[in-house]
$ cat target_27.csv   # CSV, N, CA and C atoms
chain,number,residue,atom,x,y,z
U,230,MET,N,161.9,124.4,49.1
U,230,MET,CA,161.3,124.6,50.4
U,230,MET,C,162.4,124.1,51.4
U,231,THR,N,162.7,125.0,52.4
U,231,THR,CA,163.8,124.7,53.3
U,231,THR,C,163.2,123.8,54.4
U,232,SER,N,164.1,123.2,55.2
U,232,SER,CA,163.6,122.3,56.3
U,232,SER,C,162.8,123.1,57.3
U,233,THR,N,163.2,124.3,57.5
U,233,THR,CA,162.4,125.1,58.5
U,233,THR,C,161.0,125.4,58.0
U,234,SER,N,160.9,125.7,56.7
U,234,SER,CA,159.5,125.9,56.1
U,234,SER,C,158.7,124.6,56.2
U,235,ALA,N,159.4,123.5,55.9
U,235,ALA,CA,158.7,122.2,55.9
U,235,ALA,C,158.2,121.9,57.4
U,236,LEU,N,159.0,122.2,58.3
U,236,LEU,CA,158.7,122.0,59.7
U,236,LEU,C,157.5,122.8,60.1
U,237,ILE,N,157.5,124.1,59.7
U,237,ILE,CA,156.4,125.0,60.0
U,237,ILE,C,155.1,124.5,59.3
U,238,ALA,N,155.2,124.1,58.1
U,238,ALA,CA,154.1,123.6,57.4
U,238,ALA,C,153.5,122.3,58.0
U,239,CYS,N,154.3,121.4,58.5
U,239,CYS,CA,153.9,120.2,59.2
U,239,CYS,C,153.2,120.6,60.5
U,240,ALA,N,153.8,121.6,61.2
U,240,ALA,CA,153.2,122.0,62.5
U,240,ALA,C,151.8,122.6,62.2
U,241,MET,N,151.7,123.4,61.2
U,241,MET,CA,150.4,124.1,60.9
U,241,MET,C,149.4,123.0,60.5
U,242,LEU,N,149.8,122.0,59.7
U,242,LEU,CA,148.9,121.0,59.3
U,242,LEU,C,148.4,120.2,60.5
U,243,ALA,N,149.3,119.9,61.4
U,243,ALA,CA,148.9,119.2,62.6
U,243,ALA,C,148.0,120.0,63.5
U,244,TRP,N,148.2,121.3,63.5
U,244,TRP,CA,147.3,122.2,64.3
U,244,TRP,C,145.9,122.2,63.7
U,245,VAL,N,145.8,122.3,62.4
U,245,VAL,CA,144.5,122.3,61.7
U,245,VAL,C,143.8,121.0,61.9
U,246,ALA,N,144.6,119.9,61.8
U,246,ALA,CA,144.0,118.6,62.0
U,246,ALA,C,143.4,118.4,63.5
U,247,GLN,N,144.2,118.9,64.4
U,247,GLN,CA,143.7,118.9,65.8
U,247,GLN,C,142.4,119.7,66.0
U,248,ILE,N,142.3,120.8,65.4
U,248,ILE,CA,141.1,121.6,65.5
U,248,ILE,C,139.9,120.9,64.8
U,249,VAL,N,140.1,120.3,63.7
U,249,VAL,CA,139.0,119.6,63.0
U,249,VAL,C,138.6,118.4,63.7
U,250,LEU,N,139.6,117.6,64.2
U,250,LEU,CA,139.2,116.4,64.9
U,250,LEU,C,138.6,116.7,66.3
U,251,GLY,N,139.1,117.7,66.9
U,251,GLY,CA,138.5,118.2,68.2
U,251,GLY,C,137.0,118.6,68.0
U,252,TRP,N,136.7,119.3,66.9
U,252,TRP,CA,135.4,119.7,66.6
U,252,TRP,C,134.5,118.5,66.3
U,253,TRP,N,135.1,117.5,65.6
U,253,TRP,CA,134.3,116.3,65.3
U,253,TRP,C,134.0,115.5,66.6
U,254,GLN,N,134.9,115.5,67.6
U,254,GLN,CA,134.6,114.8,68.9
U,254,GLN,C,133.6,115.6,69.6
U,255,LEU,N,133.6,116.9,69.6
U,255,LEU,CA,132.7,117.7,70.3
U,255,LEU,C,131.3,117.5,69.7
U,256,GLN,N,131.2,117.4,68.4
U,256,GLN,CA,129.9,117.1,67.8
U,256,GLN,C,129.3,115.8,68.2
U,257,ARG,N,130.1,114.8,68.3
U,257,ARG,CA,129.7,113.5,68.8
U,257,ARG,C,129.2,113.5,70.2
U,258,PHE,N,130.0,114.3,71.1
U,258,PHE,CA,129.6,114.4,72.5
U,258,PHE,C,128.2,115.2,72.6
U,259,ASN,N,128.1,116.3,71.8
U,259,ASN,CA,126.9,117.1,71.9
U,259,ASN,C,125.7,116.3,71.4
U,260,HIS,N,125.8,115.4,70.4
U,260,HIS,CA,124.7,114.6,69.9
U,260,HIS,C,124.3,113.6,71.0
U,261,ALA,N,125.3,113.0,71.6
U,261,ALA,CA,125.0,112.0,72.7
U,261,ALA,C,124.3,112.7,73.9
U,262,PHE,N,124.8,113.9,74.2
U,262,PHE,CA,124.3,114.7,75.3
U,262,PHE,C,122.8,115.1,75.0
U,263,ASP,N,122.6,115.6,73.8
U,263,ASP,CA,121.2,116.0,73.4
U,263,ASP,C,120.2,114.8,73.6
U,264,GLN,N,120.7,113.6,73.1
U,264,GLN,CA,119.8,112.4,73.2
U,264,GLN,C,119.6,112.1,74.7
U,265,LEU,N,120.6,112.3,75.6
U,265,LEU,CA,120.4,112.0,77.0
U,265,LEU,C,119.5,113.0,77.6
U,266,CYS,N,119.5,114.2,77.2
U,266,CYS,CA,118.6,115.2,77.8
U,266,CYS,C,117.1,114.9,77.5
U,267,LEU,N,116.9,114.2,76.5
U,267,LEU,CA,115.5,113.8,76.2
U,267,LEU,C,114.9,112.8,77.2
U,268,CYS,N,115.8,112.1,77.9
U,268,CYS,CA,115.4,111.1,78.9
U,268,CYS,C,115.1,111.7,80.3
U,269,GLY,N,115.6,112.9,80.6
U,269,GLY,CA,115.3,113.4,81.9
U,269,GLY,C,116.4,114.4,82.3
U,270,SER,N,116.5,114.8,83.6
U,270,SER,CA,117.5,115.7,84.0
U,270,SER,C,118.9,115.0,84.0
U,271,VAL,N,119.9,115.7,83.6
U,271,VAL,CA,121.2,115.2,83.3
U,271,VAL,C,122.2,115.7,84.3
U,272,GLY,N,123.1,114.8,84.8
U,272,GLY,CA,124.2,115.2,85.6
U,272,GLY,C,125.5,114.7,84.8
U,273,VAL,N,126.5,115.6,84.8
U,273,VAL,CA,127.8,115.3,84.1
U,273,VAL,C,128.9,115.4,85.1
U,274,GLY,N,129.8,114.4,85.1
U,274,GLY,CA,131.0,114.5,85.9
U,274,GLY,C,132.2,114.2,85.1
U,275,ARG,N,133.4,114.7,85.5
U,275,ARG,CA,134.6,114.5,84.7
U,275,ARG,C,135.7,114.3,85.7
U,276,SER,N,136.7,113.4,85.3
U,276,SER,CA,137.9,113.2,86.0
U,276,SER,C,139.0,113.1,85.0
U,277,GLY,N,140.2,113.0,85.6
U,277,GLY,CA,141.4,112.9,84.7
U,277,GLY,C,142.3,114.1,84.8
U,278,GLY,N,143.4,113.9,84.2
U,278,GLY,CA,144.4,115.0,84.2
U,278,GLY,C,144.9,115.3,82.8
U,279,ARG,N,145.9,116.0,82.8
U,279,ARG,CA,146.5,116.5,81.5
U,279,ARG,C,147.1,115.3,80.7
U,280,PHE,N,147.8,114.4,81.4
U,280,PHE,CA,148.5,113.3,80.8
U,280,PHE,C,148.0,111.9,81.1
U,281,LYS,N,146.8,111.8,81.5
U,281,LYS,CA,146.2,110.5,81.8
U,281,LYS,C,144.8,110.6,81.2
U,282,PRO,N,144.2,109.4,80.8
U,282,PRO,CA,142.9,109.4,80.2
U,282,PRO,C,141.9,110.1,81.0
U,283,ARG,N,141.1,110.9,80.3
U,283,ARG,CA,140.0,111.6,81.0
U,283,ARG,C,138.7,110.7,80.9
U,284,VAL,N,137.9,110.8,81.9
U,284,VAL,CA,136.6,110.1,82.0
U,284,VAL,C,135.5,111.2,82.1
U,285,VAL,N,134.6,111.1,81.2
U,285,VAL,CA,133.4,111.9,81.4
U,285,VAL,C,132.2,111.0,81.5
U,286,LEU,N,131.4,111.1,82.5
U,286,LEU,CA,130.2,110.3,82.8
U,286,LEU,C,129.0,111.2,82.8
U,287,ALA,N,128.0,110.9,82.0
U,287,ALA,CA,126.8,111.7,82.0
U,287,ALA,C,125.6,110.7,82.3
U,288,LEU,N,124.8,111.1,83.2
U,288,LEU,CA,123.7,110.2,83.6
U,288,LEU,C,122.4,111.0,83.5
U,289,ALA,N,121.3,110.4,83.0
U,289,ALA,CA,120.0,111.0,83.0
U,289,ALA,C,119.2,110.4,84.1
U,290,PHE,N,118.5,111.2,84.8
U,290,PHE,CA,117.6,110.8,85.9
U,290,PHE,C,116.1,111.1,85.6
U,291,ASP,N,115.3,110.1,85.8
U,291,ASP,CA,113.9,110.3,85.6
U,291,ASP,C,113.2,111.1,86.7
U,292,LYS,N,111.9,111.2,86.7
U,292,LYS,CA,111.2,112.0,87.8
U,292,LYS,C,111.3,111.4,89.2
U,293,GLU,N,111.6,110.1,89.2
U,293,GLU,CA,111.7,109.4,90.5
U,293,GLU,C,113.2,109.4,91.0
U,294,GLU,N,114.1,110.1,90.3
U,294,GLU,CA,115.5,110.2,90.6
U,294,GLU,C,116.2,108.9,90.4
U,295,LYS,N,115.7,108.1,89.4
U,295,LYS,CA,116.4,106.9,89.1
U,295,LYS,C,117.2,107.1,87.8
U,296,VAL,N,118.3,106.4,87.7
U,296,VAL,CA,119.1,106.5,86.4
U,296,VAL,C,118.4,105.8,85.3
U,297,CYS,N,118.1,106.5,84.2
U,297,CYS,CA,117.4,105.9,83.1
U,297,CYS,C,118.2,105.8,81.9
U,298,ALA,N,119.4,106.4,81.8
U,298,ALA,CA,120.3,106.3,80.7
U,298,ALA,C,121.6,107.0,81.1
U,299,GLY,N,122.6,106.7,80.3
U,299,GLY,CA,123.9,107.4,80.5
U,299,GLY,C,124.9,107.0,79.4
U,300,PHE,N,126.0,107.8,79.4
U,300,PHE,CA,127.1,107.4,78.5
U,300,PHE,C,128.4,107.8,79.2
U,301,LEU,N,129.5,107.1,78.7
U,301,LEU,CA,130.8,107.2,79.3
U,301,LEU,C,131.7,107.6,78.1
U,302,LEU,N,132.5,108.6,78.3
U,302,LEU,CA,133.5,109.0,77.3
U,302,LEU,C,134.8,108.9,78.0
U,303,ARG,N,135.7,108.0,77.5
U,303,ARG,CA,137.0,107.7,78.2
U,303,ARG,C,138.0,107.7,77.1
U,304,GLY,N,139.1,108.4,77.4
U,304,GLY,CA,140.2,108.3,76.5
U,304,GLY,C,141.2,109.5,76.6
U,305,LEU,N,142.3,109.3,76.0
U,305,LEU,CA,143.4,110.3,76.0
U,305,LEU,C,143.4,111.2,74.8
U,306,THR,N,142.8,110.6,73.7
U,306,THR,CA,142.9,111.3,72.4
U,306,THR,C,141.6,111.8,72.0
U,307,ILE,N,141.6,112.5,70.8
U,307,ILE,CA,140.3,113.0,70.3
U,307,ILE,C,139.5,111.9,69.6
U,308,PHE,N,140.0,110.7,69.6
U,308,PHE,CA,139.3,109.6,69.0
U,308,PHE,C,138.4,108.9,70.0
U,309,ALA,N,138.4,109.3,71.3
U,309,ALA,CA,137.4,108.8,72.3
U,309,ALA,C,136.0,109.2,71.9
U,310,ARG,N,135.1,108.2,72.0
U,310,ARG,CA,133.7,108.5,71.7
U,310,ARG,C,132.8,108.1,72.8
U,311,PRO,N,131.6,108.7,72.9
U,311,PRO,CA,130.7,108.4,74.0
U,311,PRO,C,130.2,106.9,73.7
U,312,GLN,N,130.2,106.2,74.8
U,312,GLN,CA,129.8,104.8,74.8
U,312,GLN,C,128.6,104.7,75.7
U,313,PRO,N,127.5,104.0,75.4
U,313,PRO,CA,126.4,103.8,76.3
U,313,PRO,C,126.8,103.2,77.6
U,314,PHE,N,126.3,103.7,78.7
U,314,PHE,CA,126.7,103.2,80.0
U,314,PHE,C,125.4,102.9,80.7
U,315,THR,N,125.1,101.6,80.8
U,315,THR,CA,123.8,101.1,81.4
U,315,THR,C,124.0,100.4,82.8
U,316,ALA,N,125.2,100.4,83.3
U,316,ALA,CA,125.5,99.7,84.5
U,316,ALA,C,124.7,100.2,85.7
U,317,LEU,N,124.3,101.4,85.7
U,317,LEU,CA,123.6,102.1,86.8
U,317,LEU,C,122.1,102.2,86.6
U,318,ASN,N,121.6,101.8,85.4
U,318,ASN,CA,120.2,102.0,85.1
U,318,ASN,C,119.3,101.4,86.2
U,319,GLY,N,118.3,102.2,86.6
U,319,GLY,CA,117.4,101.7,87.6
U,319,GLY,C,117.7,102.1,89.0
U,320,MET,N,119.0,102.5,89.3
U,320,MET,CA,119.4,102.8,90.6
U,320,MET,C,119.0,104.3,91.0
U,321,LYS,N,118.5,104.4,92.2
U,321,LYS,CA,118.2,105.8,92.7
U,321,LYS,C,119.5,106.6,93.0
U,322,ARG,N,119.3,107.9,92.9
U,322,ARG,CA,120.5,108.8,93.1
U,322,ARG,C,121.1,108.5,94.5
U,323,GLU,N,120.3,108.2,95.5
U,323,GLU,CA,120.9,108.0,96.9
U,323,GLU,C,121.7,106.7,96.9
U,324,GLN,N,121.4,105.8,96.1
U,324,GLN,CA,122.1,104.5,96.1
U,324,GLN,C,123.5,104.5,95.4
U,325,LEU,N,123.8,105.6,94.8
U,325,LEU,CA,125.0,105.7,94.0
U,325,LEU,C,126.1,106.2,94.9
U,326,MET,N,126.7,105.2,95.6
U,326,MET,CA,127.9,105.5,96.5
U,326,MET,C,129.1,105.1,95.7
U,327,THR,N,129.9,106.1,95.4
U,327,THR,CA,131.0,105.9,94.5
U,327,THR,C,132.1,104.9,94.9
U,328,GLY,N,132.4,104.8,96.1
U,328,GLY,CA,133.4,103.9,96.6
U,328,GLY,C,133.0,102.4,96.6
U,329,VAL,N,131.7,102.2,96.6
U,329,VAL,CA,131.1,100.9,96.7
U,329,VAL,C,130.9,100.4,95.2
U,330,ILE,N,130.4,101.3,94.3
U,330,ILE,CA,130.0,100.9,93.0
U,330,ILE,C,131.3,100.6,92.1
U,331,PHE,N,132.3,101.4,92.1
U,331,PHE,CA,133.5,101.2,91.3
U,331,PHE,C,134.7,101.2,92.2
U,332,PRO,N,134.9,100.2,93.0
U,332,PRO,CA,136.0,100.3,93.9
U,332,PRO,C,137.4,100.3,93.3
U,333,LYS,N,137.5,99.7,92.0
U,333,LYS,CA,138.8,99.6,91.4
U,333,LYS,C,139.1,100.6,90.3
U,334,ASP,N,138.1,101.6,90.1
U,334,ASP,CA,138.3,102.6,89.1
U,334,ASP,C,138.1,104.0,89.7
U,335,PRO,N,139.1,104.6,90.2
U,335,PRO,CA,139.0,105.9,90.8
U,335,PRO,C,138.5,107.0,89.9
U,336,ASP,N,138.9,106.9,88.6
U,336,ASP,CA,138.5,107.9,87.6
U,336,ASP,C,136.9,107.9,87.5
U,337,ILE,N,136.3,106.7,87.4
U,337,ILE,CA,134.9,106.7,87.3
U,337,ILE,C,134.2,107.1,88.6
U,338,GLN,N,134.9,106.8,89.7
U,338,GLN,CA,134.3,107.2,91.0
U,338,GLN,C,134.3,108.7,91.1
U,339,THR,N,135.3,109.4,90.6
U,339,THR,CA,135.4,110.9,90.7
U,339,THR,C,134.3,111.4,89.7
U,340,ALA,N,134.2,110.9,88.5
U,340,ALA,CA,133.2,111.4,87.6
U,340,ALA,C,131.8,111.2,88.1
U,341,LEU,N,131.6,110.0,88.7
U,341,LEU,CA,130.2,109.7,89.2
U,341,LEU,C,129.9,110.6,90.4
U,342,SER,N,130.8,110.9,91.3
U,342,SER,CA,130.5,111.8,92.4
U,342,SER,C,130.1,113.1,91.9
U,343,LEU,N,130.7,113.6,90.8
U,343,LEU,CA,130.4,114.9,90.3
U,343,LEU,C,129.1,114.9,89.5
U,344,ALA,N,128.8,113.7,88.9
U,344,ALA,CA,127.5,113.6,88.1
U,344,ALA,C,126.3,113.5,88.9
U,345,ILE,N,126.4,113.0,90.2
U,345,ILE,CA,125.2,112.9,91.0
U,345,ILE,C,125.0,114.0,92.0
U,346,GLU,N,126.0,115.0,92.0
U,346,GLU,CA,125.8,116.1,92.9
U,346,GLU,C,124.6,117.0,92.4
U,347,PRO,N,123.7,117.4,93.3
U,347,PRO,CA,122.7,118.3,92.8
U,347,PRO,C,123.2,119.6,92.4
U,348,LYS,N,122.8,120.1,91.3
U,348,LYS,CA,123.2,121.4,90.7
U,348,LYS,C,122.2,122.5,91.2
U,349,SER,N,122.8,123.6,91.4
U,349,SER,CA,121.9,124.7,91.8
U,349,SER,C,121.6,125.7,90.7
$ encode --input "target_27.csv" --output "structure tokens"
Amino acid sequence: MTSTSALIACAMLAWVAQIVLGWWQLQRFNHAFDQLCLCGSVGVGRSGGRFKPRVVLALAFDKEEKVCAGFLLRGLTIFARPQPFTALNGMKREQLMTGVIFPKDPDIQTALSLAIEPKS
């Protein structure tokens, strides 16, 4: 096997591993999202860029528009997993002012502002 063939084989193996691990992360996200949907209407917000950790915040709202559950997915790699997020539980949608709640975390502020926007 030449060095070029070995390099191509390594690249193919890395590509397949990326696909499998990405699918695994998506399955974990979908499971957490399905569990959240059982709690009420759900809003999802995302922030981050290509080369900095992304933040995905999902919040479930009950019939009174209060946060009843949520999860946070934060990370740069496919090993990031949804973590329960209860810091906002019990707060009404109108009380969720992003600059006041997370003044030192602009990524969560951006995700929160998108998660609480009414969807049409």
$ residues_around --input "target_27.csv" --residues "range 289-302 of chain U" --least-positions-apart "4" --cutoff "7 Å" --atoms "only N, CA and C atoms" --output "list in words"
Leu265, Cys266, Cys268, Gly269, Ser270, Val271, Gly272, Arg283, Val284, Val285, Ala309, Arg310, Pro311, Gln312, Pro313, Phe314, Thr315, Leu317, Asn318, Gly319, Met320, Lys321, Arg322 and Glu323 of chain U
$ atom_distance --input "target_27.csv" --atom1 "CA of Gly277 in chain U" --atom2 "CA of Lys333 in chain U"
15.1 Å
$ select_by_dssp --input "target_27.csv" --residues "chain U" --states "alpha helix (DSSP H)" --output "number ranges by chain"
U: 232-266, 327-330, 335-344
$ residues_near_point --input "target_27.csv" --point "(133.8, 113.1, 86.2)" --cutoff "8 Å" --atoms "only C-alpha atoms" --output "short mmCIF file (atom, residue, chain, number, x, y, z; two decimals) with N, CA and C atoms, keeping the file's coordinate frame"
data_model
loop_
_atom_site.label_atom_id
_atom_site.label_comp_id
_atom_site.auth_asym_id
_atom_site.auth_seq_id
_atom_site.Cartn_x
_atom_site.Cartn_y
_atom_site.Cartn_z
N VAL U 273 126.50 115.60 84.80
CA VAL U 273 127.80 115.30 84.10
C VAL U 273 128.90 115.40 85.10
N GLY U 274 129.80 114.40 85.10
CA GLY U 274 131.00 114.50 85.90
C GLY U 274 132.20 114.20 85.10
N ARG U 275 133.40 114.70 85.50
CA ARG U 275 134.60 114.50 84.70
C ARG U 275 135.70 114.30 85.70
N SER U 276 136.70 113.40 85.30
CA SER U 276 137.90 113.20 86.00
C SER U 276 139.00 113.10 85.00
N GLY U 277 140.20 113.00 85.60
CA GLY U 277 141.40 112.90 84.70
C GLY U 277 142.30 114.10 84.80
N VAL U 284 137.90 110.80 81.90
CA VAL U 284 136.60 110.10 82.00
C VAL U 284 135.50 111.20 82.10
N VAL U 285 134.60 111.10 81.20
CA VAL U 285 133.40 111.90 81.40
C VAL U 285 132.20 111.00 81.50
N LEU U 286 131.40 111.10 82.50
CA LEU U 286 130.20 110.30 82.80
C LEU U 286 129.00 111.20 82.80
N ASP U 336 138.90 106.90 88.60
CA ASP U 336 138.50 107.90 87.60
C ASP U 336 136.90 107.90 87.50
N ILE U 337 136.30 106.70 87.40
CA ILE U 337 134.90 106.70 87.30
C ILE U 337 134.20 107.10 88.60
N GLN U 338 134.90 106.80 89.70
CA GLN U 338 134.30 107.20 91.00
C GLN U 338 134.30 108.70 91.10
N THR U 339 135.30 109.40 90.60
CA THR U 339 135.40 110.90 90.70
C THR U 339 134.30 111.40 89.70
N ALA U 340 134.20 110.90 88.50
CA ALA U 340 133.20 111.40 87.60
C ALA U 340 131.80 111.20 88.10
N LEU U 341 131.60 110.00 88.70
CA LEU U 341 130.20 109.70 89.20
C LEU U 341 129.90 110.60 90.40
N SER U 342 130.80 110.90 91.30
CA SER U 342 130.50 111.80 92.40
C SER U 342 130.10 113.10 91.90
N LEU U 343 130.70 113.60 90.80
CA LEU U 343 130.40 114.90 90.30
C LEU U 343 129.10 114.90 89.50
N ALA U 344 128.80 113.70 88.90
CA ALA U 344 127.50 113.60 88.10
C ALA U 344 126.30 113.50 88.90
#
$ closest_residue --input "target_27.csv" --among "U:Leu305, U:Ala238, U:His260, U:Trp252" --to "Arg279 in chain U" --atoms "only N, CA and C atoms"
U:Leu305
$ closest_residue --input "target_27.csv" --among "U:Phe262, U:Leu325, U:Val245, U:Phe308" --to "Ala287 in chain U" --atoms "only N, CA and C atoms"
U:Phe262
$ atom_distance --input "target_27.csv" --atom1 "atom N of Gly328 in chain U" --atom2 "atom N of Leu267 in chain U"
26.7 Å
$ select_by_dssp --input "target_27.csv" --residues "chain U" --states "strand (DSSP E)" --output "ChimeraX atom specification"
/U:270-276,283-290,296-304,312-313
$ closest_residue --input "target_27.csv" --among "U:Ala235, U:Ile307, U:Met326, U:Ile345" --to "Gln247 in chain U" --atoms "only C-alpha atoms"
U:Ile307
$ atom_distance --input "target_27.csv" --atom1 "atom C of Cys239 in chain U" --atom2 "atom N of Gly251 in chain U"
15.8 Å
